[in-house]
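Q: Supplied in structure tokens, the structure appears directly below.
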Amino acid sequence: MKQTLFSFLILMCAACGNALATTSADLLWYRQPASRWMQALPIGNGRLGGMIYGGTHEERIALDESTLWSGQPNPNQDKPFGRARLDSLRQMFFDGRVKEGNDLAWNALNGNQTSFGTHLPLGDLIVTFPGIDEKRVTDYRRQLDLTTAIVTTTFRHRGITYTREAFSSNPDEVLVYRFAADRRGRISFTIGIKIENNLPTELNVEGSTLNFTGQALFPMHGPGGVHFAGKVAVKTQGGKVTAKDGRLTVSGADEALLIINLRTDFERPQYRAELAEEVTRALSKPYTALRDRHVADYAPLYARVSLALGPGSAVSATPGSVSPAPGSVCCDVIATLPTDERQRQADKGQADPAFDALYFQMGRYLTIASSRANSPLPIALQGFFNDNKACTMPWTNDYHLDINTQQNYWATGVGNLSDCDAPLFRWIASLVAPGQKTAQTVYGCKGWTAHTTVNVWGYTAPSSCIAWGLHPTAGSWIAAQLWTHYEYTQDRQFLRTVAYPLLKGNAEFLLDYMTIDPRTGHLVTGPSISPENAFAINGQHISASMMPTCDLTFAYEILNATLLSARLLDTDRAFADSLARAIALLPDYQIGRDGGIMEWSEDWDQPNPNHRHTCHLMGFWPFGQITLQQHPALSQAVRRTFDLRLAADGWEDTEWSRANAIGVYARLADAEEAYRSVKTLEGYLSRENLLTVSPGGIAGAENDIYAFDGNTAGTAGMAEMLLQTQNGSLQLLPALPKAWSEGRFSGLCIRGGAEVSAQWRDSKILSATLTATADNIFTVQVPGYGSYSATMDGHPVTPRDGQWQVSLRKGQSLTIR
């Protein structure tokens, strides 16, 4: 493909008047089509998604739908064990017979995953343009505009400019792809579909619509699977549409529009009628109407937060001046290199603040694309952008509740996308009934629970192997997002009707499940694991123990959140008192002989010093049970733990573990170490389309596998470098690296219910504003506060003890300059 002079649209910078290209902190762009999946660009409406390759002679759209799952419910998932046997097993551990107890648990406390299933990709829609000779293409450009969620491909061929636009519309429930040229009659192509994984599928053509039906059968992960149906409808201006051998051919059109949809029978018995109705309705609308509805729906969500980093980005330095709108940045911030070249520079450790801002926003974009308020399911291990790799692994593309699904939603609160939590909470609610059965059958307990690996069919039992699956506080960990959501939104109605019933049910399980350790008098869980890790006794690797540290963290989170909720709602006072008593009996975090946080209740040998999981540090990040200000010794032990892991030979550096490191070092106020992890995530652990990967050689994978969590957890960690809310206080720029010495942001959210904007230069705040989204009392800390003044509604506010504390009603603001 020949590349000539860039065909950039030239604009004028509002800040300095210089000419600049349209590349910005909200745009991914490339000079060539994608040649593989990890170069393609993702679009999604929260249910229906596609990876757009941008080919000229052959375009490829990898299609996904969030409910396209194999498997089926398993009424025999829970292996009966019961309270009496649990008590007997626990006594083995209390008596020091840990290996004997593990041997029993290994055979008796695993689940039955015979019909577990996995999320699957549908396959590729292939559009072939016989009149396009790739060797004669010039002025090629492919881009994803994060402000509109539209992928655009433009190029010239034999003097004709071709323009293609693709998006996935939430309001119209279809994926739309438009093909156009600047000369009439030049759009000709043939459409076919390639179904992945040999899913049994029937194809037929009816008029100008390609229809397909089938079932998501994937025997590797057991029997069963949803039935699905899809349509690819063609609408043209001019030309003609013909059908042959299960393909559609468009000839000599001025313009062509593809309307693509896929539905399954997952909780939707009328899925075929819905599919037909949605496609018919979309076909009745002009392209501009579809596009405008899509942008009007999506753009306000994305525009809630803006971020600019690097020289010239603090363009609103003068008090009272107005910052540019989200997506507009000063020309000093705009990089002239395409995104793939910038990503390769990040892999070399090159600082690129504007690229950092783009990467941050990519995490928010993917959240919106994968999880909307009306999505039928929450974000799985790969969202619904499925590269067909995780589903062929033993661990499947499911819901991993030992950090991955949690990380998928770490950015929603701070990233001003709390409404994207809704499908997660509906899915958690769907776990209650099977989780109650698991709690009763396996443990003889009240309430509900879930373990490490969960699907859409209500699987809540331990996994097939206790080494990763005997994790009964995994349900507690994911349920903690309910309280996090409330902390950010202060939505009392949500707390009363959604969060509290779910939290209470899990707290009931914990109260019934935990027992007093006769050796210490503490309330403990177990036997259970520290996710996917093991300790050693006399050289033997052992998985399960009583009260691993992660259980302490998650049990406290749920018990405390439920207690606070009950008091806020003025309900269940006796139950709240029982929660308070239980919290008082929990053990403390402990520091081991290596100076780090102990992962287990005893200071056993660690045979896997390079292990990727550090779930025993979750009380520090993302939770706030340990804070740098209030717990300096424990905080230093957290650092020691992380430093030892990262320095260990063969450290299992995955996308999620590195994203987690950003937040840990940000909480430790180590800006440069946090930034090194940002660059590692952007470079080594990401690919040209900025999607993150779990690298080959870890967790049994031979090759890199796309995983969603690194993007969103990375965004959350980067936000933590810019602002933190711990101990009821907002800290601005707590971990600002030298590379971000100048910048601005707006719309980031904090616990307590407020949006925050700030501008800084030379690492010093120029101005900051906190605007309440709920009535509350807010405390703000700014480095060098003595140089600043603060006002509320035009009235001065006096700082006390190095901080400002104000009571704000919804809509009121505190401004600091």
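Identifiers for the structure tokens are assigned positionally: chains receive A, B, ... in sequence, residues are indexed from 1 per chain, and ligands are indexed from 1 in the order shown.
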Need to verify the contact set: range 494-505 of chain A, 9 Å, only C-alpha atoms, exclusion of same-chain residues closer than 3 positions in sequence. Can you return it as an MDAnalysis selection string?

A: chainID A and resid 425:426 428:429 432 436 446:449 476 479:480 482:483 485:486 490:491 508:510 558:559 561:563 565:566 569

Q: Run DSSP on the backbone and tell me which residues of range 532-636 of chain A come out as helix (DSSP H, G or I); list them as a ChimeraX atom specification.

A: /A:549-569,573-584,615-617,632-636

Q: Check which residues of range 202-274 of chain A sit at most 10 Å from range 279-303 of chain A using only C-alpha atoms, and return one row each with the closest pair of atoms and their distance in Å to one decimal, ordered by chain and rising number, as a tab-separated table.

A:
```
residue	atom	partner	partner_atom	distance
A:Thr209	CA	A:Val279	CA	9.9
A:Gly230	CA	A:Val279	CA	9.7
A:Lys231	CA	A:Val279	CA	7.6
A:Val232	CA	A:Val279	CA	8.6
A:Ala233	CA	A:Val279	CA	7.5
A:Val234	CA	A:Leu283	CA	8.5
A:Lys235	CA	A:Leu283	CA	7.1
A:Ala256	CA	A:Tyr287	CA	9.8
A:Leu257	CA	A:Tyr287	CA	7.7
A:Leu258	CA	A:Leu283	CA	9.0
A:Ile259	CA	A:Val279	CA	6.6
A:Ile260	CA	A:Val279	CA	7.4
A:Asn261	CA	A:Val279	CA	6.9
A:Leu262	CA	A:Val279	CA	9.8
A:Glu274	CA	A:Val279	CA	8.6
```

Q: Got time to write the residues from that selection, N, CA, C and O atoms, as a CSV table (one decimal), in the first residue's frame?

A:
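To be explicit, this is the file written out as again22.csv:
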```
chain,number,residue,atom,x,y,z
A,209,THR,N,-31.1,-9.4,2.4
A,209,THR,CA,-30.7,-9.7,3.8
A,209,THR,C,-30.1,-11.1,3.9
A,209,THR,O,-30.7,-12.1,3.4
A,230,GLY,N,-29.2,-14.2,13.5
A,230,GLY,CA,-28.6,-12.9,13.1
A,230,GLY,C,-29.0,-12.5,11.7
A,230,GLY,O,-29.5,-13.3,10.9
A,231,LYS,N,-28.9,-11.2,11.4
A,231,LYS,CA,-29.2,-10.6,10.1
A,231,LYS,C,-28.2,-9.6,9.7
A,231,LYS,O,-27.7,-8.8,10.5
A,232,VAL,N,-27.8,-9.7,8.4
A,232,VAL,CA,-27.0,-8.6,7.8
A,232,VAL,C,-27.8,-8.1,6.6
A,232,VAL,O,-27.9,-8.8,5.6
A,233,ALA,N,-28.4,-6.9,6.8
A,233,ALA,CA,-29.3,-6.4,5.8
A,233,ALA,C,-28.5,-5.3,5.0
A,233,ALA,O,-27.7,-4.5,5.6
A,234,VAL,N,-28.7,-5.2,3.7
A,234,VAL,CA,-28.1,-4.2,2.9
A,234,VAL,C,-29.1,-3.2,2.3
A,234,VAL,O,-30.2,-3.6,1.9
A,235,LYS,N,-28.7,-2.0,2.4
A,235,LYS,CA,-29.5,-0.9,1.9
A,235,LYS,C,-28.6,0.0,1.0
A,235,LYS,O,-27.6,0.4,1.5
A,256,ALA,N,-23.7,2.4,0.2
A,256,ALA,CA,-24.3,1.2,0.7
A,256,ALA,C,-24.2,1.2,2.3
A,256,ALA,O,-23.3,1.7,2.9
A,257,LEU,N,-25.3,0.6,2.9
A,257,LEU,CA,-25.4,0.6,4.3
A,257,LEU,C,-25.6,-0.8,4.8
A,257,LEU,O,-26.5,-1.5,4.2
A,258,LEU,N,-24.8,-1.3,5.7
A,258,LEU,CA,-25.1,-2.6,6.3
A,258,LEU,C,-25.7,-2.4,7.7
A,258,LEU,O,-25.2,-1.6,8.5
A,259,ILE,N,-26.8,-3.1,7.9
A,259,ILE,CA,-27.4,-3.1,9.3
A,259,ILE,C,-27.2,-4.5,9.8
A,259,ILE,O,-27.8,-5.5,9.2
A,260,ILE,N,-26.5,-4.7,10.9
A,260,ILE,CA,-26.1,-6.0,11.4
A,260,ILE,C,-26.7,-6.1,12.8
A,260,ILE,O,-26.6,-5.2,13.6
A,261,ASN,N,-27.2,-7.3,13.1
A,261,ASN,CA,-27.7,-7.6,14.4
A,261,ASN,C,-27.6,-9.1,14.7
A,261,ASN,O,-27.7,-9.9,13.8
A,262,LEU,N,-27.5,-9.4,16.0
A,262,LEU,CA,-27.4,-10.8,16.4
A,262,LEU,C,-28.1,-10.8,17.8
A,262,LEU,O,-27.9,-10.0,18.6
A,274,GLU,N,-37.7,-9.9,18.0
A,274,GLU,CA,-36.9,-8.7,18.4
A,274,GLU,C,-35.9,-8.4,17.3
A,274,GLU,O,-35.7,-7.2,16.9
```

Q: Could you pull the residues within 7 Å of Arg761 in chain A, counting only C-alpha atoms, minus those fewer than 2 positions along the same chain, as a list in words?

A: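 Counting only C-alpha atoms, the residues come to Ala314, Ser741, Glu742, Gly743, Ser763, Lys764, Ile765 and Leu766 of chain A.
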
Q: Could you dump the residues just selected with N, CA, C and O atoms as a PDB file, in the first residue's frame?

A:
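Generated file (result23.pdb):
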```pdb
ATOM      1  N   ALA A 314      -2.352  22.836  30.394  1.00  0.00           N
ATOM      2  CA  ALA A 314      -3.058  23.643  31.400  1.00  0.00           C
ATOM      3  C   ALA A 314      -3.427  24.969  30.770  1.00  0.00           C
ATOM      4  O   ALA A 314      -2.937  26.027  31.154  1.00  0.00           O
ATOM      5  N   SER A 741       3.842  16.892  34.766  1.00  0.00           N
ATOM      6  CA  SER A 741       4.016  18.112  35.559  1.00  0.00           C
ATOM      7  C   SER A 741       3.061  19.218  35.152  1.00  0.00           C
ATOM      8  O   SER A 741       2.874  20.187  35.888  1.00  0.00           O
ATOM      9  N   GLU A 742       2.462  19.081  33.968  1.00  0.00           N
ATOM     10  CA  GLU A 742       1.440  20.038  33.544  1.00  0.00           C
ATOM     11  C   GLU A 742       0.239  19.273  33.021  1.00  0.00           C
ATOM     12  O   GLU A 742       0.383  18.267  32.320  1.00  0.00           O
ATOM     13  N   GLY A 743      -0.953  19.750  33.370  1.00  0.00           N
ATOM     14  CA  GLY A 743      -2.137  19.065  32.894  1.00  0.00           C
ATOM     15  C   GLY A 743      -3.417  19.637  33.463  1.00  0.00           C
ATOM     16  O   GLY A 743      -3.407  20.621  34.219  1.00  0.00           O
ATOM     17  N   SER A 763       3.826  21.028  38.379  1.00  0.00           N
ATOM     18  CA  SER A 763       3.363  20.140  39.455  1.00  0.00           C
ATOM     19  C   SER A 763       2.675  20.883  40.590  1.00  0.00           C
ATOM     20  O   SER A 763       2.521  20.338  41.686  1.00  0.00           O
ATOM     21  N   LYS A 764       2.224  22.114  40.346  1.00  0.00           N
ATOM     22  CA  LYS A 764       1.525  22.903  41.352  1.00  0.00           C
ATOM     23  C   LYS A 764       0.128  23.262  40.858  1.00  0.00           C
ATOM     24  O   LYS A 764      -0.050  23.671  39.709  1.00  0.00           O
ATOM     25  N   ILE A 765      -0.826  23.124  41.746  1.00  0.00           N
ATOM     26  CA  ILE A 765      -2.209  23.422  41.397  1.00  0.00           C
ATOM     27  C   ILE A 765      -2.354  24.882  40.996  1.00  0.00           C
ATOM     28  O   ILE A 765      -1.882  25.799  41.693  1.00  0.00           O
ATOM     29  N   LEU A 766      -3.010  25.108  39.850  1.00  0.00           N
ATOM     30  CA  LEU A 766      -3.391  26.458  39.451  1.00  0.00           C
ATOM     31  C   LEU A 766      -4.802  26.766  39.922  1.00  0.00           C
ATOM     32  O   LEU A 766      -5.074  27.871  40.396  1.00  0.00           O
TER      33      LEU A 766
END
```

Q: If you run DSSP on this backbone, which residues of range 169-405 of chain A come out as strand (DSSP E or B), and could you give them as a PyMOL selection string?

A: chain A and resi 169+174-181+187-195+201-206+209-215+225+227-237+240-244+247-253+255-264+306-309+381-384+399-400

Q: Could you name the residues that touch Gly592 in chain A at 8 Å or less, counting only C-alpha atoms, but leaving out those on the same chain fewer than 5 positions away, as number ranges by chain?

A: A: 597-598, 603

Q: Counting only C-alpha atoms, figure out which residue out of A:Pro783, A:Pro632, A:Ile43, A:Phe93 gets nearest to Ala735 in chain A.

A: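 Smallest distance to Ala735 in chain A is found for A:Pro783.
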
Q: What does the distance from CA of Val797 in chain A to CA of Thr627 in chain A come to in Å, to one decimal?

A: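 CA of Thr627 in chain A lies 27.4 Å from CA of Val797 in chain A.
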
Q: Hey, which of A:Phe81, A:Trp621, A:Trp457, A:Tyr140 ends up closest to Pro338 in chain A? Count only C-alpha atoms.

A: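 Closest to Pro338 in chain A of all the choices is A:Tyr140.
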
Q: If you count only C-alpha atoms, which residues fall within 10 Å of Asn388 in chain A, apart from same-chain ones fewer than 2 positions away, as an NGL selection string?

A: :A and (37 or 119-123 or 196-197 or 382 or 385-386 or 390-393 or 396-397 or 705-706)

Q: Between CA of Arg97 in chain A and CA of Thr553 in chain A, what is the spacing in Å?

A: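 These atoms are spaced 25.1 Å apart.
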